[in-house]
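Coordinates from model.pdb are shown below (PDB, C-alpha atoms).
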ATOM      1  CA  MET Y   1      55.108  76.055 -55.786
ATOM      2  CA  LYS Y   2      55.287  72.398 -54.769
ATOM      3  CA  GLN Y   3      58.036  73.258 -52.290
ATOM      4  CA  THR Y   4      55.870  76.027 -50.788
ATOM      5  CA  SER Y   5      52.896  73.709 -50.520
ATOM      6  CA  ALA Y   6      55.004  70.995 -48.907
ATOM      7  CA  LEU Y   7      56.399  73.510 -46.440
ATOM      8  CA  LEU Y   8      52.914  74.735 -45.512
ATOM      9  CA  ASN Y   9      51.716  71.168 -45.063
ATOM     10  CA  SER Y  10      54.704  70.409 -42.848
ATOM     11  CA  ILE Y  11      54.015  73.477 -40.702
ATOM     12  CA  ALA Y  12      50.336  72.556 -40.443
ATOM     13  CA  CYS Y  13      51.208  68.997 -39.382
ATOM     14  CA  CYS Y  14      53.629  70.245 -36.774
ATOM     15  CA  ALA Y  15      51.017  72.658 -35.417
ATOM     16  CA  LEU Y  16      48.411  69.884 -35.311
ATOM     17  CA  LEU Y  17      50.799  67.550 -33.504
ATOM     18  CA  ALA Y  18      51.655  70.290 -31.017
ATOM     19  CA  MET Y  19      47.959  70.806 -30.329
ATOM     20  CA  LEU Y  20      47.387  67.079 -29.885
ATOM     21  CA  TRP Y  21      50.324  66.788 -27.523
ATOM     22  CA  ALA Y  22      49.219  69.850 -25.554
ATOM     23  CA  VAL Y  23      45.633  68.716 -25.000
ATOM     24  CA  PRO Y  24      46.440  65.666 -22.860
ATOM     25  CA  ALA Y  25      48.848  67.737 -20.768
ATOM     26  CA  ALA Y  26      46.268  70.451 -20.205
ATOM     27  CA  ARG Y  27      43.513  67.948 -19.449
ATOM     28  CA  ALA Y  28      45.521  65.471 -17.384
ATOM     29  CA  ASN Y  29      43.772  64.716 -14.112
ATOM     30  CA  THR Y  30      45.182  66.240 -10.942
ATOM     31  CA  ASN Y  31      44.946  63.590  -8.254
ATOM     32  CA  ILE Y  32      44.867  64.898  -4.676
ATOM     33  CA  VAL Y  33      45.131  62.541  -1.692
ATOM     34  CA  TYR Y  34      44.942  64.214   1.718
ATOM     35  CA  PRO Y  35      45.350  62.601   5.156
ATOM     36  CA  LEU Y  36      42.799  61.160   7.551
ATOM     37  CA  THR Y  37      43.837  62.733  10.862
ATOM     38  CA  ALA Y  38      41.496  60.962  13.292
ATOM     39  CA  ILE Y  39      38.694  58.442  13.380
ATOM     40  CA  GLY Y  40      35.566  59.793  15.042
ATOM     41  CA  ILE Y  41      35.054  63.431  15.978
ATOM     42  CA  ASP Y  42      37.544  65.627  14.127
ATOM     43  CA  SER Y  43      36.215  68.562  12.126
ATOM     44  CA  ARG Y  44      39.445  70.573  12.373
ATOM     45  CA  TYR Y  45      40.226  70.391   8.657
ATOM     46  CA  ASP Y  46      36.783  70.635   7.026
ATOM     47  CA  TYR Y  47      37.308  74.278   6.059
ATOM     48  CA  ASP Y  48      40.814  73.669   4.697
ATOM     49  CA  TRP Y  49      39.701  70.930   2.326
ATOM     50  CA  ALA Y  50      36.750  73.076   1.230
ATOM     51  CA  VAL Y  51      39.205  75.855   0.302
ATOM     52  CA  LEU Y  52      41.399  73.376  -1.557
ATOM     53  CA  ARG Y  53      38.478  71.901  -3.477
ATOM     54  CA  SER Y  54      37.307  75.371  -4.489
ATOM     55  CA  ALA Y  55      40.823  76.329  -5.682
ATOM     56  CA  LEU Y  56      40.927  73.197  -7.834
ATOM     57  CA  GLU Y  57      37.453  73.851  -9.230
ATOM     58  CA  LYS Y  58      38.426  77.417 -10.153
ATOM     59  CA  THR Y  59      41.327  76.136 -12.258
ATOM     60  CA  THR Y  60      39.645  73.298 -14.156
ATOM     61  CA  ARG Y  61      39.627  75.226 -17.437
ATOM     62  CA  GLN Y  62      43.345  75.989 -17.190
ATOM     63  CA  PHE Y  63      44.676  72.778 -15.629
ATOM     64  CA  GLY Y  64      42.045  70.132 -16.352
ATOM     65  CA  ALA Y  65      39.925  67.830 -14.219
ATOM     66  CA  PHE Y  66      40.859  66.724 -10.718
ATOM     67  CA  GLN Y  67      40.133  63.998  -8.222
ATOM     68  CA  MET Y  68      40.323  64.615  -4.494
ATOM     69  CA  HIS Y  69      39.945  62.004  -1.803
ATOM     70  CA  GLN Y  70      41.076  61.178   1.716
ATOM     71  CA  ALA Y  71      43.581  58.468   2.584
ATOM     72  CA  GLY Y  72      41.937  55.404   4.117
ATOM     73  CA  THR Y  73      44.278  55.061   7.110
ATOM     74  CA  GLU Y  74      44.335  57.302  10.179
ATOM     75  CA  MET Y  75      47.633  59.199  10.420
ATOM     76  CA  SER Y  76      49.358  60.966  13.297
ATOM     77  CA  PRO Y  77      51.178  64.233  12.518
ATOM     78  CA  GLN Y  78      54.447  62.302  12.449
ATOM     79  CA  ARG Y  79      53.007  59.699  10.061
ATOM     80  CA  ILE Y  80      51.663  62.460   7.802
ATOM     81  CA  THR Y  81      55.079  64.081   7.349
ATOM     82  CA  HIS Y  82      56.652  60.649   6.874
ATOM     83  CA  GLU Y  83      54.144  59.751   4.152
ATOM     84  CA  LEU Y  84      54.578  63.024   2.292
ATOM     85  CA  GLY Y  85      58.345  62.681   2.592
ATOM     86  CA  MET Y  86      58.302  59.414   0.631
ATOM     87  CA  GLN Y  87      57.925  59.360  -3.151
ATOM     88  CA  THR Y  88      55.630  56.366  -2.734
ATOM     89  CA  GLY Y  89      53.699  57.865   0.215
ATOM     90  CA  HIS Y  90      49.927  57.538   0.407
ATOM     91  CA  ILE Y  91      49.276  61.316   0.416
ATOM     92  CA  ASN Y  92      50.550  64.190  -1.706
ATOM     93  CA  ILE Y  93      49.408  67.187   0.342
ATOM     94  CA  PHE Y  94      48.702  68.218   3.910
ATOM     95  CA  VAL Y  95      47.804  71.444   5.719
ATOM     96  CA  ARG Y  96      49.556  72.555   8.883
ATOM     97  CA  ALA Y  97      50.833  75.513  10.852
ATOM     98  CA  THR Y  98      54.140  76.415   9.285
ATOM     99  CA  ALA Y  99      57.491  75.752  10.923
ATOM    100  CA  PRO Y 100      61.099  76.087   9.673
ATOM    101  CA  GLU Y 101      61.663  72.330   9.370
ATOM    102  CA  LEU Y 102      58.454  71.888   7.362
ATOM    103  CA  GLU Y 103      59.382  74.670   4.952
ATOM    104  CA  LYS Y 104      62.811  73.102   4.477
ATOM    105  CA  GLN Y 105      61.569  69.559   3.880
ATOM    106  CA  PHE Y 106      58.457  70.343   1.831
ATOM    107  CA  MET Y 107      57.227  73.013  -0.552
ATOM    108  CA  PRO Y 108      54.959  75.513   1.238
ATOM    109  CA  ILE Y 109      52.149  77.204  -0.653
ATOM    110  CA  ARG Y 110      52.496  80.583   1.051
ATOM    111  CA  TYR Y 111      48.860  81.555   1.364
ATOM    112  CA  PRO Y 112      47.543  81.429   4.966
ATOM    113  CA  VAL Y 113      44.618  79.058   4.452
ATOM    114  CA  ASP Y 114      42.694  80.329   7.485
ATOM    115  CA  LYS Y 115      43.819  83.941   6.944
ATOM    116  CA  GLY Y 116      45.982  83.822  10.086
ATOM    117  CA  LEU Y 117      43.105  82.961  12.430
ATOM    118  CA  LEU Y 118      45.245  80.200  13.953
ATOM    119  CA  GLY Y 119      47.393  82.830  15.661
ATOM    120  CA  TYR Y 120      44.481  84.231  17.688
ATOM    121  CA  ARG Y 121      44.382  81.891  20.674
ATOM    122  CA  ILE Y 122      41.750  81.408  23.342
ATOM    123  CA  PHE Y 123      41.868  78.825  26.083
ATOM    124  CA  LEU Y 124      40.018  75.737  27.133
ATOM    125  CA  VAL Y 125      40.301  75.546  30.924
ATOM    126  CA  ARG Y 126      38.725  73.808  33.880
ATOM    127  CA  LYS Y 127      35.570  75.563  35.073
ATOM    128  CA  ALA Y 128      36.976  75.679  38.586
ATOM    129  CA  ASP Y 129      39.862  77.875  37.365
ATOM    130  CA  LEU Y 130      37.838  80.549  35.545
ATOM    131  CA  ALA Y 131      38.281  83.131  38.312
ATOM    132  CA  ARG Y 132      42.066  82.614  38.313
ATOM    133  CA  PHE Y 133      42.261  83.279  34.586
ATOM    134  CA  ALA Y 134      39.971  86.321  34.837
ATOM    135  CA  ALA Y 135      42.587  87.917  37.107
ATOM    136  CA  ILE Y 136      45.353  87.685  34.461
ATOM    137  CA  ARG Y 137      46.491  91.070  33.147
ATOM    138  CA  THR Y 138      50.007  90.492  31.802
ATOM    139  CA  LEU Y 139      52.213  87.824  30.274
ATOM    140  CA  ASP Y 140      53.948  87.477  33.632
ATOM    141  CA  ASP Y 141      50.594  86.567  35.135
ATOM    142  CA  LEU Y 142      50.042  83.943  32.437
ATOM    143  CA  ARG Y 143      53.516  82.492  33.020
ATOM    144  CA  ARG Y 144      52.277  81.100  36.348
ATOM    145  CA  PHE Y 145      50.096  78.633  34.418
ATOM    146  CA  ARG Y 146      51.036  75.622  32.263
ATOM    147  CA  ALA Y 147      49.884  75.420  28.655
ATOM    148  CA  GLY Y 148      48.972  72.180  26.882
ATOM    149  CA  GLN Y 149      49.806  71.412  23.242
ATOM    150  CA  GLY Y 150      50.213  68.431  20.963
ATOM    151  CA  LYS Y 151      53.643  66.872  20.606
ATOM    152  CA  ASP Y 152      55.828  68.782  18.125
ATOM    153  CA  TRP Y 153      53.065  71.254  17.247
ATOM    154  CA  ALA Y 154      54.370  74.501  15.758
ATOM    155  CA  ASP Y 155      53.046  76.463  18.751
ATOM    156  CA  VAL Y 156      55.314  74.711  21.254
ATOM    157  CA  PRO Y 157      58.579  76.591  20.478
ATOM    158  CA  ILE Y 158      56.649  79.879  20.194
ATOM    159  CA  LEU Y 159      55.089  79.509  23.648
ATOM    160  CA  ARG Y 160      58.329  78.348  25.241
ATOM    161  CA  ALA Y 161      60.293  81.222  23.666
ATOM    162  CA  ALA Y 162      57.852  83.575  25.422
ATOM    163  CA  GLY Y 163      58.549  81.899  28.766
ATOM    164  CA  LEU Y 164      55.259  80.004  28.877
ATOM    165  CA  GLU Y 165      55.661  76.511  30.332
ATOM    166  CA  THR Y 166      54.208  74.019  27.878
ATOM    167  CA  VAL Y 167      53.265  70.365  28.368
ATOM    168  CA  GLU Y 168      53.061  68.171  25.264
ATOM    169  CA  GLY Y 169      50.605  65.322  24.702
ATOM    170  CA  SER Y 170      51.191  62.674  22.056
ATOM    171  CA  VAL Y 171      47.509  62.082  21.149
ATOM    172  CA  TYR Y 172      45.228  64.956  20.118
ATOM    173  CA  ASP Y 173      42.051  63.558  21.673
ATOM    174  CA  GLY Y 174      43.887  62.771  24.900
ATOM    175  CA  LEU Y 175      44.737  66.433  25.485
ATOM    176  CA  PHE Y 176      41.223  67.141  26.744
ATOM    177  CA  ALA Y 177      41.506  64.380  29.349
ATOM    178  CA  MET Y 178      44.962  65.664  30.316
ATOM    179  CA  LEU Y 179      43.469  69.105  30.973
ATOM    180  CA  GLU Y 180      40.730  67.607  33.145
ATOM    181  CA  ALA Y 181      43.354  65.574  35.021
ATOM    182  CA  LYS Y 182      45.346  68.765  35.806
ATOM    183  CA  ARG Y 183      48.377  67.753  33.761
ATOM    184  CA  PHE Y 184      48.327  71.367  32.546
ATOM    185  CA  ASP Y 185      46.131  74.425  33.183
ATOM    186  CA  TYR Y 186      44.959  75.600  29.770
ATOM    187  CA  PHE Y 187      44.727  74.198  26.264
ATOM    188  CA  SER Y 188      45.676  77.057  23.946
ATOM    189  CA  ARG Y 189      43.566  76.787  20.785
ATOM    190  CA  ALA Y 190      42.750  78.867  17.735
ATOM    191  CA  THR Y 191      39.502  80.747  18.196
ATOM    192  CA  ASP Y 192      37.490  78.547  15.864
ATOM    193  CA  GLU Y 193      39.068  75.371  17.225
ATOM    194  CA  ALA Y 194      38.224  76.105  20.861
ATOM    195  CA  VAL Y 195      34.559  76.890  20.233
ATOM    196  CA  ARG Y 196      34.041  73.899  17.973
ATOM    197  CA  GLU Y 197      35.929  71.494  20.232
ATOM    198  CA  TYR Y 198      34.026  72.630  23.287
ATOM    199  CA  GLU Y 199      30.680  72.111  21.552
ATOM    200  CA  GLU Y 200      31.716  68.682  20.284
ATOM    201  CA  ARG Y 201      33.118  67.452  23.603
ATOM    202  CA  ARG Y 202      31.196  69.219  26.361
ATOM    203  CA  ALA Y 203      29.187  66.068  27.175
ATOM    204  CA  ALA Y 204      32.305  63.905  27.421
ATOM    205  CA  HIS Y 205      34.296  66.533  29.359
ATOM    206  CA  PRO Y 206      31.758  68.429  31.503
ATOM    207  CA  THR Y 207      34.349  70.088  33.772
ATOM    208  CA  LEU Y 208      35.853  72.129  30.922
ATOM    209  CA  ALA Y 209      34.945  75.646  29.777
ATOM    210  CA  ILE Y 210      36.023  78.315  27.293
ATOM    211  CA  GLU Y 211      37.939  81.068  29.086
ATOM    212  CA  PRO Y 212      36.056  84.308  28.166
ATOM    213  CA  THR Y 213      38.483  87.181  28.926
ATOM    214  CA  LEU Y 214      41.894  86.563  27.284
ATOM    215  CA  LEU Y 215      43.245  86.519  23.722
ATOM    216  CA  LEU Y 216      46.814  85.417  23.083
ATOM    217  CA  HIS Y 217      48.138  86.446  19.670
ATOM    218  CA  TYR Y 218      51.165  85.587  17.554
ATOM    219  CA  PRO Y 219      51.504  85.376  13.737
ATOM    220  CA  LEU Y 220      51.164  81.726  12.671
ATOM    221  CA  PRO Y 221      50.007  80.970   9.111
ATOM    222  CA  ARG Y 222      48.709  77.575   8.077
ATOM    223  CA  TYR Y 223      49.874  76.484   4.640
ATOM    224  CA  PHE Y 224      49.249  73.637   2.257
ATOM    225  CA  PHE Y 225      52.476  71.643   1.867
ATOM    226  CA  VAL Y 226      53.461  69.458  -1.111
ATOM    227  CA  ARG Y 227      56.524  67.431  -2.103
ATOM    228  CA  ARG Y 228      59.565  69.071  -3.636
ATOM    229  CA  ASP Y 229      59.197  67.273  -6.963
ATOM    230  CA  ASP Y 230      57.529  67.794 -10.339
ATOM    231  CA  GLU Y 231      54.118  66.748  -9.050
ATOM    232  CA  GLY Y 232      54.489  69.099  -6.093
ATOM    233  CA  ARG Y 233      55.435  72.004  -8.351
ATOM    234  CA  HIS Y 234      52.397  71.312 -10.530
ATOM    235  CA  LEU Y 235      50.128  71.219  -7.468
ATOM    236  CA  ARG Y 236      51.612  74.427  -6.107
ATOM    237  CA  GLU Y 237      51.149  76.221  -9.428
ATOM    238  CA  ARG Y 238      47.535  75.093  -9.712
ATOM    239  CA  ILE Y 239      46.577  75.795  -6.091
ATOM    240  CA  GLU Y 240      48.224  79.234  -6.110
ATOM    241  CA  ALA Y 241      46.350  80.113  -9.309
ATOM    242  CA  GLY Y 242      43.077  78.959  -7.759
ATOM    243  CA  LEU Y 243      43.610  80.894  -4.533
ATOM    244  CA  GLU Y 244      44.360  84.077  -6.490
ATOM    245  CA  ILE Y 245      41.087  83.630  -8.390
ATOM    246  CA  MET Y 246      39.258  83.112  -5.084
ATOM    247  CA  LEU Y 247      40.765  86.304  -3.708
ATOM    248  CA  ARG Y 248      39.570  88.263  -6.737
ATOM    249  CA  ASP Y 249      36.048  86.845  -6.959
ATOM    250  CA  GLY Y 250      35.386  86.900  -3.197
ATOM    251  CA  SER Y 251      34.786  83.155  -2.880
ATOM    252  CA  TRP Y 252      37.621  82.676  -0.372
ATOM    253  CA  ASN Y 253      36.128  85.305   1.944
ATOM    254  CA  ALA Y 254      32.706  83.711   1.490
ATOM    255  CA  LEU Y 255      34.030  80.294   2.560
ATOM    256  CA  PHE Y 256      35.837  81.862   5.516
ATOM    257  CA  GLU Y 257      32.641  83.565   6.640
ATOM    258  CA  ARG Y 258      30.571  80.397   6.161
ATOM    259  CA  TYR Y 259      32.890  78.191   8.207
ATOM    260  CA  LYS Y 260      34.335  80.694  10.692
ATOM    261  CA  GLY Y 261      31.998  83.686  10.973
ATOM    262  CA  GLU Y 262      29.556  82.419  13.589
ATOM    263  CA  ILE Y 263      32.320  80.940  15.735
ATOM    264  CA  ILE Y 264      34.308  84.187  15.627
ATOM    265  CA  ASP Y 265      31.228  86.086  16.766
ATOM    266  CA  LYS Y 266      30.588  83.620  19.601
ATOM    267  CA  SER Y 267      34.137  83.941  20.892
ATOM    268  CA  GLY Y 268      33.866  87.720  21.470
ATOM    269  CA  LEU Y 269      37.382  88.494  20.244
ATOM    270  CA  ARG Y 270      37.018  92.258  20.294
ATOM    271  CA  LYS Y 271      36.079  92.267  23.987
ATOM    272  CA  ARG Y 272      39.089  90.304  25.208
ATOM    273  CA  ARG Y 273      42.352  91.447  26.789
ATOM    274  CA  VAL Y 274      45.093  90.886  24.222
ATOM    275  CA  LEU Y 275      48.475  89.434  25.137
ATOM    276  CA  GLN Y 276      50.942  89.661  22.222
ATOM    277  CA  ILE Y 277      53.994  87.439  21.811
ATOM    278  CA  PRO Y 278      56.379  87.172  18.826
ATOM    279  CA  ASN Y 279      56.869  84.164  16.599
ATOM    280  CA  PRO Y 280      60.656  83.740  16.410
ATOM    281  CA  THR Y 281      60.276  80.803  14.003
ATOM    282  CA  LEU Y 282      58.518  82.808  11.266
ATOM    283  CA  SER Y 283      60.165  82.839   7.838
ATOM    284  CA  PRO Y 284      61.032  86.205   6.241
ATOM    285  CA  LYS Y 285      59.170  84.883   3.177
ATOM    286  CA  THR Y 286      55.855  85.008   5.064
ATOM    287  CA  PRO Y 287      53.510  87.267   2.996
ATOM    288  CA  LEU Y 288      52.755  89.657   5.858
ATOM    289  CA  GLY Y 289      52.698  92.583   3.414
ATOM    290  CA  ARG Y 290      49.579  91.290   1.607
ATOM    291  CA  SER Y 291      46.831  92.489   3.909
ATOM    292  CA  GLU Y 292      44.131  90.837   1.775
ATOM    293  CA  LEU Y 293      45.453  87.443   2.889
ATOM    294  CA  TRP Y 294      44.954  88.094   6.604
ATOM    295  CA  PHE Y 295      41.998  88.362   8.953
ATOM    296  CA  ASP Y 296      42.398  91.018  11.666
ATOM    297  CA  PRO Y 297      39.762  90.757  14.411
ATOM    298  CA  LEU Y 298      41.516  93.492  16.375
ATOM    299  CA  ALA Y 299      40.990  96.215  13.747
ATOM    300  CA  ASN Y 300      38.621  99.002  14.718
ATOM    301  CA  ARG Y 301      38.454  97.949  18.352
TER     302      ARG Y 301
END

Give the structure from the file, written as structure tokens.
Amino acid sequence: MKQTSALLNSIACCALLAMLWAVPAARANTNIVYPLTAIGIDSRYDYDWAVLRSALEKTTRQFGAFQMHQAGTEMSPQRITHELGMQTGHINIFVRATAPELEKQFMPIRYPVDKGLLGYRIFLVRKADLARFAAIRTLDDLRRFRAGQGKDWADVPILRAAGLETVEGSVYDGLFAMLEAKRFDYFSRATDEAVREYEERRAAHPTLAIEPTLLLHYPLPRYFFVRRDDEGRHLRERIEAGLEIMLRDGSWNALFERYKGEIIDKSGLRKRRVLQIPNPTLSPKTPLGRSELWFDPLANR
């Protein structure tokens, strides 16, 4: 009897200890530090961080509390990848259009944050060139013009593989001045980017306009990327769980509509002439088969 009682007490103690050990692990804070990409006007990532915050909030019961803040130092794209590549770097996550080298170096969270909207491209051009762009009917017509992109952006090899001459600029904000100065002929931007950037910069760059007739499309998901370590695996597990919850409860679509809906309507996607090009850099692991992850403005045209 005493042996049975001692055994039960031992089991109870072990169970209690297991519970005590498990609680701190379940309630340990998740600390997210994301990059500051520019000082001044730069709303490009507001939606992305809103999606991330919501995914973390949805998983508080399962994974515990979280803290999320922006790094205090402005970082170029090259600095961002450098920081995430170091164990002692000042950030532990970033969001970017995917590319083979990024997927090799870091751990991609394979959910297209903007539902693939990045691959639907409209152009910022000089007002004086609007008639020239309105005459474009084919890719061969477009090949007579020079595109502008940021240095090492994921779009650059895609455009060049399609035979589209592409000029790179090292500073994001300087690309608008380069377009005005005729260093290239069009700045190819995601639909939401072009509308927002034009509204934010029309006073500073009055000779620019949104080209209203063309839509260039190629598949290009934007992913959250984390380090290939234990912390990164924990972040990926938590963020994936949160995004799945957001898919089921409709909150991801609600955020997409709140941040992107009006801009998509303004851009008139369904009225544009579509020029399709492939993305030869796309990984076979891209979740193209999950239609619920993707926005398709060309459906029901």

Would you mind reading off the distance between atom CA of Y:Ile93 and atom CA of Y:Tyr34, one decimal, in Å?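 Atom CA of Y:Tyr34 lies at a distance of 5.5 Å from atom CA of Y:Ile93.
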
Evaluate the PyMOL selection byres ((chain Y and resi 30) around 8) and report residues as an MDAnalysis selection string: chainID Y and resid 28:29 31:32 64:67 235

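Each of Y:Leu269, Y:Ala71, Y:Leu275, Y:Met178 was compared to Y:Ala299 using all atoms listed in the file, and Y:Leu269 turns out to be the nearest.
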
For this file, the PyMOL selection byres ((chain Y and resi 123-138) around 7) selects which residues, as an MDAnalysis selection string? chainID Y and resid 121:122 139:142 180 185:189 194 207:211 213 275

My list of candidates is Y:His69, Y:Lys104, Y:Lys58, Y:Arg96. Which is closest to Y:Leu36 when distances are computed with only C-alpha atoms?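 Among Y:His69, Y:Lys104, Y:Lys58, Y:Arg96, it is Y:His69 that comes nearest to Y:Leu36.
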
One number please: atom CA of Y:Ser283 to atom CA of Y:Asp46, in Å, one decimal.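 Taking atom CA of Y:Ser283 and atom CA of Y:Asp46, their separation equals 26.4 Å.
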